[in-house]
Amino acid sequence: MATKASLPVQMLSKRLGQVKGLACVQNLSVLRLAGYSTDKQPVAEEAATADAKTAAQSPEIEQLKQELATAKEQNSELLDKYKRSLADSENLRTRLNKQISDAKIFGIQSFCKDLLEVADTLGHATQAVPKDKLNANADLKNLYEGLSMTRASLLQVFKRHGLEPLDPINQKFDPNQHEALFQKEDKTVEPNTVVEVTKLGYKLHERCIRPALVGVSKC
């Protein structure tokens, strides 16, 4: 009877052992899912080790960040200086080209001023010839025609090189191109109008190199 009674107990003990084994397996799976290694070392320790390494590397990272920021700032400054240098070089090139162009155009200005006196002399000579005696005197007529042709040829040379006369009669007085010698009453024109030209002015490529000597009407 004792042997028959102990049989169920043995079976229960065996079943309990199986349940314990199954529970251990389940607990092991739970531990793995919770972040524990199979050798019972928590992942938190590994994370702590990684944090310690990162903390050890932090000063070096900060230094590299500072060096990178400094390099970027220096690069920005150099780039700004480079752009300014390019702009200065372009401005200098433009000024030099302008000076060279002006030198080519106005390099004959002094020479032209000297020739203007010759043109004035020829103009006075032709005006001094009495027109009413030209038909009666062939020599005087030939002289007058020669002076007129010489003056006309000279004016053509002036024009070819950009030198043109200024005859501002009946124009508004312009202090940039005219020089007033006197005032004169004239009711037929508006005030400050050129009513008399005593000496022609000249301009070289739109630059006045000699103002016209004029008389203007009173205000």
# chains A, B, ... in the order shown; residues from 1 in each chain; ligands from 1
call {"tool": "residues_around", "arguments": {"residues": "His161 in chain A", "least_positions_apart": "4", "cutoff": "9 Å", "atoms": "only C-alpha atoms", "output": "number ranges by chain"}}
result
A: 105, 156-157, 204-205
call {"tool": "residues_around", "arguments": {"residues": "Asp167 in chain A", "least_positions_apart": "3", "cutoff": "9 Å", "atoms": "only C-alpha atoms", "output": "PyMOL selection string"}}
result
chain A and resi 171+197+199-202+212
call {"tool": "write_last_selection", "arguments": {"atoms": "N, CA, C and O atoms", "output": "PDB file, in the first residue's frame"}}
result
ATOM      1  N   GLN A 171      22.259 133.003 -77.357  1.00  0.00           N
ATOM      2  CA  GLN A 171      22.067 131.872 -76.449  1.00  0.00           C
ATOM      3  C   GLN A 171      22.095 132.357 -74.993  1.00  0.00           C
ATOM      4  O   GLN A 171      22.604 133.429 -74.692  1.00  0.00           O
ATOM      5  N   VAL A 197      29.522 138.685 -79.353  1.00  0.00           N
ATOM      6  CA  VAL A 197      30.662 137.781 -79.170  1.00  0.00           C
ATOM      7  C   VAL A 197      31.903 138.490 -79.680  1.00  0.00           C
ATOM      8  O   VAL A 197      32.020 138.792 -80.865  1.00  0.00           O
ATOM      9  N   LYS A 199      35.059 137.217 -79.028  1.00  0.00           N
ATOM     10  CA  LYS A 199      36.067 136.200 -79.340  1.00  0.00           C
ATOM     11  C   LYS A 199      35.410 134.830 -79.229  1.00  0.00           C
ATOM     12  O   LYS A 199      34.766 134.513 -78.226  1.00  0.00           O
ATOM     13  N   LEU A 200      35.568 134.039 -80.260  1.00  0.00           N
ATOM     14  CA  LEU A 200      34.963 132.710 -80.277  1.00  0.00           C
ATOM     15  C   LEU A 200      35.591 131.794 -79.228  1.00  0.00           C
ATOM     16  O   LEU A 200      36.794 131.881 -78.947  1.00  0.00           O
ATOM     17  N   GLY A 201      34.762 130.923 -78.669  1.00  0.00           N
ATOM     18  CA  GLY A 201      35.277 129.885 -77.791  1.00  0.00           C
ATOM     19  C   GLY A 201      35.479 128.597 -78.564  1.00  0.00           C
ATOM     20  O   GLY A 201      35.024 128.448 -79.702  1.00  0.00           O
ATOM     21  N   TYR A 202      36.139 127.637 -77.930  1.00  0.00           N
ATOM     22  CA  TYR A 202      36.375 126.341 -78.571  1.00  0.00           C
ATOM     23  C   TYR A 202      36.223 125.221 -77.549  1.00  0.00           C
ATOM     24  O   TYR A 202      36.548 125.392 -76.367  1.00  0.00           O
ATOM     25  N   ALA A 212      34.124 131.409 -74.671  1.00  0.00           N
ATOM     26  CA  ALA A 212      33.860 132.521 -75.590  1.00  0.00           C
ATOM     27  C   ALA A 212      33.752 133.828 -74.787  1.00  0.00           C
ATOM     28  O   ALA A 212      33.128 133.855 -73.707  1.00  0.00           O
TER      29      ALA A 212
END
call {"tool": "closest_residue", "arguments": {"among": "A:Gly123, A:Pro130, A:Pro211, A:Pro191", "to": "Leu154 in chain A", "atoms": "only C-alpha atoms"}}
result
A:Gly123
call {"tool": "select_by_dssp", "arguments": {"residues": "range 116-150 of chain A", "states": "alpha helix (DSSP H)", "output": "ChimeraX atom specification"}}
result
/A:116-128,138-150
call {"tool": "atom_distance", "arguments": {"atom1": "CA of Arg207 in chain A", "atom2": "CA of Phe173 in chain A"}}
result
16.9 Å
call {"tool": "decode", "arguments": {"residues": "range 98-127 of chain A", "atoms": "N, CA, C and O atoms", "output": "PDB file, in the first residue's frame"}}
result
ATOM      1  N   LYS A  98      40.270 104.977 -67.966  1.00  0.00           N
ATOM      2  CA  LYS A  98      39.717 106.319 -68.202  1.00  0.00           C
ATOM      3  C   LYS A  98      40.832 107.338 -68.418  1.00  0.00           C
ATOM      4  O   LYS A  98      40.742 108.197 -69.309  1.00  0.00           O
ATOM      5  N   GLN A  99      41.883 107.250 -67.611  1.00  0.00           N
ATOM      6  CA  GLN A  99      43.003 108.182 -67.764  1.00  0.00           C
ATOM      7  C   GLN A  99      43.716 107.987 -69.102  1.00  0.00           C
ATOM      8  O   GLN A  99      44.110 108.960 -69.749  1.00  0.00           O
ATOM      9  N   ILE A 100      43.870 106.720 -69.497  1.00  0.00           N
ATOM     10  CA  ILE A 100      44.515 106.452 -70.786  1.00  0.00           C
ATOM     11  C   ILE A 100      43.663 106.984 -71.931  1.00  0.00           C
ATOM     12  O   ILE A 100      44.168 107.604 -72.874  1.00  0.00           O
ATOM     13  N   SER A 101      42.345 106.759 -71.827  1.00  0.00           N
ATOM     14  CA  SER A 101      41.441 107.255 -72.868  1.00  0.00           C
ATOM     15  C   SER A 101      41.467 108.783 -72.937  1.00  0.00           C
ATOM     16  O   SER A 101      41.522 109.372 -74.027  1.00  0.00           O
ATOM     17  N   ASP A 102      41.435 109.435 -71.767  1.00  0.00           N
ATOM     18  CA  ASP A 102      41.484 110.903 -71.747  1.00  0.00           C
ATOM     19  C   ASP A 102      42.814 111.417 -72.299  1.00  0.00           C
ATOM     20  O   ASP A 102      42.851 112.449 -72.985  1.00  0.00           O
ATOM     21  N   ALA A 103      43.901 110.687 -71.983  1.00  0.00           N
ATOM     22  CA  ALA A 103      45.212 111.112 -72.485  1.00  0.00           C
ATOM     23  C   ALA A 103      45.263 111.045 -74.013  1.00  0.00           C
ATOM     24  O   ALA A 103      45.854 111.909 -74.674  1.00  0.00           O
ATOM     25  N   LYS A 104      44.620 109.999 -74.570  1.00  0.00           N
ATOM     26  CA  LYS A 104      44.601 109.888 -76.028  1.00  0.00           C
ATOM     27  C   LYS A 104      43.758 110.996 -76.664  1.00  0.00           C
ATOM     28  O   LYS A 104      44.102 111.530 -77.724  1.00  0.00           O
ATOM     29  N   ILE A 105      42.638 111.328 -75.996  1.00  0.00           N
ATOM     30  CA  ILE A 105      41.721 112.312 -76.574  1.00  0.00           C
ATOM     31  C   ILE A 105      42.212 113.734 -76.367  1.00  0.00           C
ATOM     32  O   ILE A 105      42.202 114.561 -77.280  1.00  0.00           O
ATOM     33  N   PHE A 106      42.665 114.028 -75.135  1.00  0.00           N
ATOM     34  CA  PHE A 106      43.005 115.411 -74.785  1.00  0.00           C
ATOM     35  C   PHE A 106      44.511 115.663 -74.740  1.00  0.00           C
ATOM     36  O   PHE A 106      44.944 116.698 -74.241  1.00  0.00           O
ATOM     37  N   GLY A 107      45.280 114.714 -75.261  1.00  0.00           N
ATOM     38  CA  GLY A 107      46.732 114.921 -75.262  1.00  0.00           C
ATOM     39  C   GLY A 107      47.159 116.076 -76.154  1.00  0.00           C
ATOM     40  O   GLY A 107      48.234 116.657 -75.968  1.00  0.00           O
ATOM     41  N   ILE A 108      46.308 116.439 -77.133  1.00  0.00           N
ATOM     42  CA  ILE A 108      46.657 117.533 -78.057  1.00  0.00           C
ATOM     43  C   ILE A 108      46.037 118.858 -77.603  1.00  0.00           C
ATOM     44  O   ILE A 108      46.018 119.823 -78.376  1.00  0.00           O
ATOM     45  N   GLN A 109      45.541 118.906 -76.381  1.00  0.00           N
ATOM     46  CA  GLN A 109      44.835 120.103 -75.928  1.00  0.00           C
ATOM     47  C   GLN A 109      45.729 121.340 -75.954  1.00  0.00           C
ATOM     48  O   GLN A 109      45.320 122.412 -76.444  1.00  0.00           O
ATOM     49  N   SER A 110      46.958 121.215 -75.439  1.00  0.00           N
ATOM     50  CA  SER A 110      47.862 122.377 -75.426  1.00  0.00           C
ATOM     51  C   SER A 110      48.208 122.823 -76.849  1.00  0.00           C
ATOM     52  O   SER A 110      48.262 124.029 -77.139  1.00  0.00           O
ATOM     53  N   PHE A 111      48.414 121.833 -77.723  1.00  0.00           N
ATOM     54  CA  PHE A 111      48.728 122.164 -79.113  1.00  0.00           C
ATOM     55  C   PHE A 111      47.557 122.884 -79.777  1.00  0.00           C
ATOM     56  O   PHE A 111      47.734 123.849 -80.538  1.00  0.00           O
ATOM     57  N   CYS A 112      46.345 122.422 -79.477  1.00  0.00           N
ATOM     58  CA  CYS A 112      45.148 123.057 -80.047  1.00  0.00           C
ATOM     59  C   CYS A 112      45.005 124.496 -79.568  1.00  0.00           C
ATOM     60  O   CYS A 112      44.633 125.393 -80.343  1.00  0.00           O
ATOM     61  N   LYS A 113      45.284 124.723 -78.301  1.00  0.00           N
ATOM     62  CA  LYS A 113      45.177 126.087 -77.776  1.00  0.00           C
ATOM     63  C   LYS A 113      46.124 127.036 -78.517  1.00  0.00           C
ATOM     64  O   LYS A 113      45.783 128.193 -78.779  1.00  0.00           O
ATOM     65  N   ASP A 114      47.324 126.545 -78.839  1.00  0.00           N
ATOM     66  CA  ASP A 114      48.268 127.387 -79.580  1.00  0.00           C
ATOM     67  C   ASP A 114      47.769 127.673 -80.990  1.00  0.00           C
ATOM     68  O   ASP A 114      47.925 128.792 -81.516  1.00  0.00           O
ATOM     69  N   LEU A 115      47.148 126.663 -81.621  1.00  0.00           N
ATOM     70  CA  LEU A 115      46.646 126.871 -82.978  1.00  0.00           C
ATOM     71  C   LEU A 115      45.429 127.800 -83.012  1.00  0.00           C
ATOM     72  O   LEU A 115      45.133 128.394 -84.058  1.00  0.00           O
ATOM     73  N   LEU A 116      44.719 127.911 -81.902  1.00  0.00           N
ATOM     74  CA  LEU A 116      43.556 128.793 -81.874  1.00  0.00           C
ATOM     75  C   LEU A 116      43.944 130.241 -82.140  1.00  0.00           C
ATOM     76  O   LEU A 116      43.175 130.995 -82.756  1.00  0.00           O
ATOM     77  N   GLU A 117      45.111 130.625 -81.688  1.00  0.00           N
ATOM     78  CA  GLU A 117      45.576 131.989 -81.941  1.00  0.00           C
ATOM     79  C   GLU A 117      45.778 132.218 -83.443  1.00  0.00           C
ATOM     80  O   GLU A 117      45.501 133.310 -83.956  1.00  0.00           O
ATOM     81  N   VAL A 118      46.252 131.180 -84.127  1.00  0.00           N
ATOM     82  CA  VAL A 118      46.417 131.285 -85.581  1.00  0.00           C
ATOM     83  C   VAL A 118      45.059 131.448 -86.251  1.00  0.00           C
ATOM     84  O   VAL A 118      44.883 132.274 -87.160  1.00  0.00           O
ATOM     85  N   ALA A 119      44.088 130.660 -85.806  1.00  0.00           N
ATOM     86  CA  ALA A 119      42.738 130.774 -86.375  1.00  0.00           C
ATOM     87  C   ALA A 119      42.139 132.149 -86.102  1.00  0.00           C
ATOM     88  O   ALA A 119      41.472 132.728 -86.976  1.00  0.00           O
ATOM     89  N   ASP A 120      42.389 132.688 -84.915  1.00  0.00           N
ATOM     90  CA  ASP A 120      41.878 134.030 -84.603  1.00  0.00           C
ATOM     91  C   ASP A 120      42.508 135.082 -85.514  1.00  0.00           C
ATOM     92  O   ASP A 120      41.829 136.002 -86.003  1.00  0.00           O
ATOM     93  N   THR A 121      43.814 134.932 -85.739  1.00  0.00           N
ATOM     94  CA  THR A 121      44.509 135.898 -86.596  1.00  0.00           C
ATOM     95  C   THR A 121      43.963 135.854 -88.026  1.00  0.00           C
ATOM     96  O   THR A 121      43.736 136.904 -88.655  1.00  0.00           O
ATOM     97  N   LEU A 122      43.738 134.641 -88.530  1.00  0.00           N
ATOM     98  CA  LEU A 122      43.170 134.515 -89.871  1.00  0.00           C
ATOM     99  C   LEU A 122      41.758 135.101 -89.925  1.00  0.00           C
ATOM    100  O   LEU A 122      41.364 135.744 -90.911  1.00  0.00           O
ATOM    101  N   GLY A 123      40.994 134.900 -88.865  1.00  0.00           N
ATOM    102  CA  GLY A 123      39.638 135.457 -88.831  1.00  0.00           C
ATOM    103  C   GLY A 123      39.653 136.973 -88.826  1.00  0.00           C
ATOM    104  O   GLY A 123      38.869 137.622 -89.551  1.00  0.00           O
ATOM    105  N   HIS A 124      40.529 137.560 -88.037  1.00  0.00           N
ATOM    106  CA  HIS A 124      40.630 139.026 -88.009  1.00  0.00           C
ATOM    107  C   HIS A 124      41.108 139.572 -89.364  1.00  0.00           C
ATOM    108  O   HIS A 124      40.654 140.648 -89.822  1.00  0.00           O
ATOM    109  N   ALA A 125      42.022 138.835 -90.015  1.00  0.00           N
ATOM    110  CA  ALA A 125      42.542 139.292 -91.313  1.00  0.00           C
ATOM    111  C   ALA A 125      41.440 139.305 -92.367  1.00  0.00           C
ATOM    112  O   ALA A 125      41.328 140.252 -93.168  1.00  0.00           O
ATOM    113  N   THR A 126      40.624 138.263 -92.402  1.00  0.00           N
ATOM    114  CA  THR A 126      39.548 138.232 -93.398  1.00  0.00           C
ATOM    115  C   THR A 126      38.473 139.288 -93.119  1.00  0.00           C
ATOM    116  O   THR A 126      37.890 139.862 -94.050  1.00  0.00           O
ATOM    117  N   GLN A 127      38.233 139.542 -91.846  1.00  0.00           N
ATOM    118  CA  GLN A 127      37.237 140.558 -91.502  1.00  0.00           C
ATOM    119  C   GLN A 127      37.739 141.972 -91.798  1.00  0.00           C
ATOM    120  O   GLN A 127      36.932 142.889 -92.055  1.00  0.00           O
TER     121      GLN A 127
END
